[in-house]
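The block underneath contains the structure these notes are about, expressed in structure tokens.
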Amino acid sequence: TPLYSSAASDVYKRQQFDEAFIFWDGLAPVRIGMKWGYIDKTGKMAIEPQSYFAYGFSEGLSQRYINKKFGFIDKTGKIVIEPQFDGTEGFREGLARVGIGVKYGYIDKTGKIVIKPQFDDASSFYEGLAFVSINKKYGYIDKTGKIVIKPQFTYAFVFREGLAGVNIGGEHEHGLTNGGKWGYIDKTGKIVINPQFDGADNFHDGLAAVKISNKWGYIDKTGKMIIKPQFGFPHQFTNGLAPVAIGNKWGYIEKTGKWIWSSTE
């Protein structure tokens, strides 16, 4: 689902749009009245408003929800994969996760099921692998559906920058993970950063946010603490900066932990 952009909304309201989202794959969803369509970056309507829901485009296709089923449209608005699935995510690396009943599998861009629905939970593919859940344990498959890291973790993240966060010893119910400890594995399933954190996030820009007690800091890929836990609400580093908060003080830090700008509300 696309993220909201207030700046985009301000611009688009002047163009008679009631609501707008950011651009994904060259098109942005806009709402006129109760219906959603898509505009291109010139502001031209690329797909006329016709749907009560809108999703971002990814790899040239976007989800479309019709009669309680999900399918996909192309950038002309044509339905290219008929609505038939109980849930979907956008295409990544040529495949899309789909739900049939309570199980998840994957389709290609023709709509063909290439990995049959058999998993209790599953992610999109990142760096060639996707996490899946079997009998409440998480592992990883490749694009053929082969299990390459056996289900053994309480919960798992997708791979980013060659590593994935995993939880060992906790409980995962209704989308929430409680207890246990978080560490990181490589693509062979080897634990490369021992489970020792109370919370964790994906690596981005070479660093990952980790939680010790109630504070967040940042580690590098060796597990070394680069920025000590002190933040209440961290974000990923992008282009060398990360937005963070300490109490009511918020701003941006560099990878050294140095504040470059902050404000107190």
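Simple scheme: letters A, B, ... for chains in structure tokens order, numbers from 1 for residues in each chain, numbers from 1 for ligands in the order shown.
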
Practice item. As a PyMOL selection string, list the residues of range 7-247 of chain A assigned to alpha helix (DSSP H) by DSSP on the backbone atoms of this structure. Key: chain A and resi 7-13

Using N, CA, C and O atoms, can you write the selected residues to a file as a CSV table (one decimal), in the first residue's frame?
```csv
chain,number,residue,atom,x,y,z
A,7,ALA,N,2.7,16.6,1.2
A,7,ALA,CA,3.2,17.6,0.2
A,7,ALA,C,2.5,17.3,-1.1
A,7,ALA,O,2.0,18.2,-1.8
A,8,ALA,N,2.4,16.0,-1.5
A,8,ALA,CA,1.7,15.7,-2.7
A,8,ALA,C,0.3,16.1,-2.6
A,8,ALA,O,-0.3,16.6,-3.6
A,9,SER,N,-0.3,15.8,-1.5
A,9,SER,CA,-1.8,16.1,-1.3
A,9,SER,C,-2.0,17.6,-1.5
A,9,SER,O,-3.0,18.0,-2.2
A,10,ASP,N,-1.1,18.5,-1.0
A,10,ASP,CA,-1.3,19.9,-1.1
A,10,ASP,C,-1.3,20.3,-2.6
A,10,ASP,O,-2.1,21.1,-3.0
A,11,VAL,N,-0.4,19.7,-3.3
A,11,VAL,CA,-0.3,20.0,-4.8
A,11,VAL,C,-1.5,19.5,-5.5
A,11,VAL,O,-2.2,20.2,-6.3
A,12,TYR,N,-1.9,18.3,-5.2
A,12,TYR,CA,-3.0,17.7,-6.0
A,12,TYR,C,-4.4,18.2,-5.7
A,12,TYR,O,-5.3,18.2,-6.5
A,13,LYS,N,-4.6,18.8,-4.4
A,13,LYS,CA,-5.8,19.4,-4.1
A,13,LYS,C,-6.1,20.6,-5.0
A,13,LYS,O,-7.2,20.9,-5.4
```

**Study point:** Nearby residues (only C-alpha atoms) at most 12 Å from Gly183 in chain A, same-chain spacing under 4 positions excluded, as JSON, numbers by chain
**Key:** {"A": [153, 154, 155, 156, 157, 163, 164, 165, 166, 167, 168, 169, 189, 190, 191, 192, 193, 194, 195, 196, 197, 198, 199, 200, 201, 202, 203, 208, 209, 210, 211, 219, 221, 222, 223]}

Check your understanding: Tell me, which residues of range 102-215 of chain A carry DSSP strand (DSSP E or B), written as JSON, numbers by chain?
Key -> {"A": [103, 104, 105, 106, 107, 113, 114, 115, 116, 117, 118, 119, 121, 122, 126, 129, 130, 131, 132, 133, 134, 137, 138, 139, 140, 141, 147, 148, 149, 150, 151, 152, 153, 155, 156, 160, 163, 164, 165, 166, 167, 168, 171, 172, 173, 176, 177, 178, 181, 182, 183, 184, 185, 191, 192, 193, 194, 195, 196, 197, 199, 200, 201, 202, 203, 204, 207, 208, 209, 210, 211, 212, 215]}

Please produce, as CSV, a per-residue contact table for range 159-213 of chain A versus range 118-126 of chain A (criterion: any atom at most 12 Å away, only C-alpha atoms considered), showing the nearest atom pair and its distance in Å to one decimal, sorted by chain then residue number.
```
residue,atom,partner,partner_atom,distance
A:Phe159,CA,A:Tyr126,CA,5.9
A:Arg160,CA,A:Tyr126,CA,7.1
A:Glu161,CA,A:Tyr126,CA,9.6
A:Gly162,CA,A:Tyr126,CA,9.7
A:Leu163,CA,A:Tyr126,CA,10.7
A:Ala164,CA,A:Tyr126,CA,10.2
A:His172,CA,A:Asp121,CA,11.5
A:Glu173,CA,A:Asp121,CA,11.5
A:His174,CA,A:Asp121,CA,11.0
A:Gly175,CA,A:Asp121,CA,10.0
A:Lys187,CA,A:Tyr126,CA,11.3
A:Asn202,CA,A:Tyr126,CA,11.8
```

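Taking CA of Ile100 in chain A and CA of Glu82 in chain A as the two end points, the separation is 13.8 Å.
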
**Study point:** Selection: 8 Å around Gly87 in chain A, only C-alpha atoms, excl. self and same-chain fewer than 3 positions, as a ChimeraX atom specification
**Key:** /A:69-70,98-100

Go ahead and save the residues from that selection, with all heavy atoms, as a short mmCIF file (atom, residue, chain, number, x, y, z; two decimals), in the first residue's frame.
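Saved file result.cif follows:
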```cif
data_model
loop_
_atom_site.label_atom_id
_atom_site.label_comp_id
_atom_site.auth_asym_id
_atom_site.auth_seq_id
_atom_site.Cartn_x
_atom_site.Cartn_y
_atom_site.Cartn_z
N LYS A 69 -12.06 -10.17 -4.03
CA LYS A 69 -10.92 -10.93 -4.51
C LYS A 69 -9.87 -9.97 -5.09
O LYS A 69 -10.20 -8.89 -5.56
CB LYS A 69 -11.34 -11.94 -5.58
CG LYS A 69 -12.27 -13.04 -5.08
CD LYS A 69 -11.56 -14.00 -4.13
CE LYS A 69 -12.48 -15.13 -3.69
NZ LYS A 69 -11.82 -16.10 -2.78
N PHE A 70 -8.60 -10.42 -5.06
CA PHE A 70 -7.51 -9.61 -5.57
C PHE A 70 -6.99 -10.15 -6.90
O PHE A 70 -6.83 -11.36 -7.08
CB PHE A 70 -6.34 -9.59 -4.57
CG PHE A 70 -6.60 -8.77 -3.35
CD1 PHE A 70 -7.18 -9.35 -2.22
CD2 PHE A 70 -6.25 -7.43 -3.31
CE1 PHE A 70 -7.40 -8.60 -1.08
CE2 PHE A 70 -6.49 -6.67 -2.18
CZ PHE A 70 -7.07 -7.25 -1.06
N VAL A 98 0.65 -14.55 -2.88
CA VAL A 98 -0.81 -14.55 -2.93
C VAL A 98 -1.35 -15.51 -1.87
O VAL A 98 -0.68 -16.47 -1.47
CB VAL A 98 -1.34 -14.99 -4.33
CG1 VAL A 98 -0.90 -13.99 -5.39
CG2 VAL A 98 -0.88 -16.40 -4.69
N GLY A 99 -2.55 -15.20 -1.42
CA GLY A 99 -3.23 -16.06 -0.46
C GLY A 99 -4.43 -16.74 -1.08
O GLY A 99 -5.20 -16.10 -1.80
N ILE A 100 -4.56 -18.02 -0.84
CA ILE A 100 -5.75 -18.77 -1.22
C ILE A 100 -6.23 -19.47 0.05
O ILE A 100 -5.54 -20.34 0.59
CB ILE A 100 -5.47 -19.79 -2.34
CG1 ILE A 100 -5.04 -19.05 -3.62
CG2 ILE A 100 -6.70 -20.65 -2.60
CD1 ILE A 100 -4.72 -19.98 -4.78
#
```

Could you produce a table of the residues of range 57-106 of chain A lying within 12 Å of range 131-141 of chain A, with the nearest pair of atoms per residue and their separation in Å rounded to one decimal, using only C-alpha atoms, ordered by chain and increasing residue number, as JSON lines?
```
{"residue": "A:Arg97", "atom": "CA", "partner": "A:Val132", "partner_atom": "CA", "distance": 10.7}
{"residue": "A:Lys103", "atom": "CA", "partner": "A:Ser133", "partner_atom": "CA", "distance": 10.0}
{"residue": "A:Tyr104", "atom": "CA", "partner": "A:Val132", "partner_atom": "CA", "distance": 8.7}
{"residue": "A:Gly105", "atom": "CA", "partner": "A:Val132", "partner_atom": "CA", "distance": 9.5}
{"residue": "A:Tyr106", "atom": "CA", "partner": "A:Ile141", "partner_atom": "CA", "distance": 11.3}
```
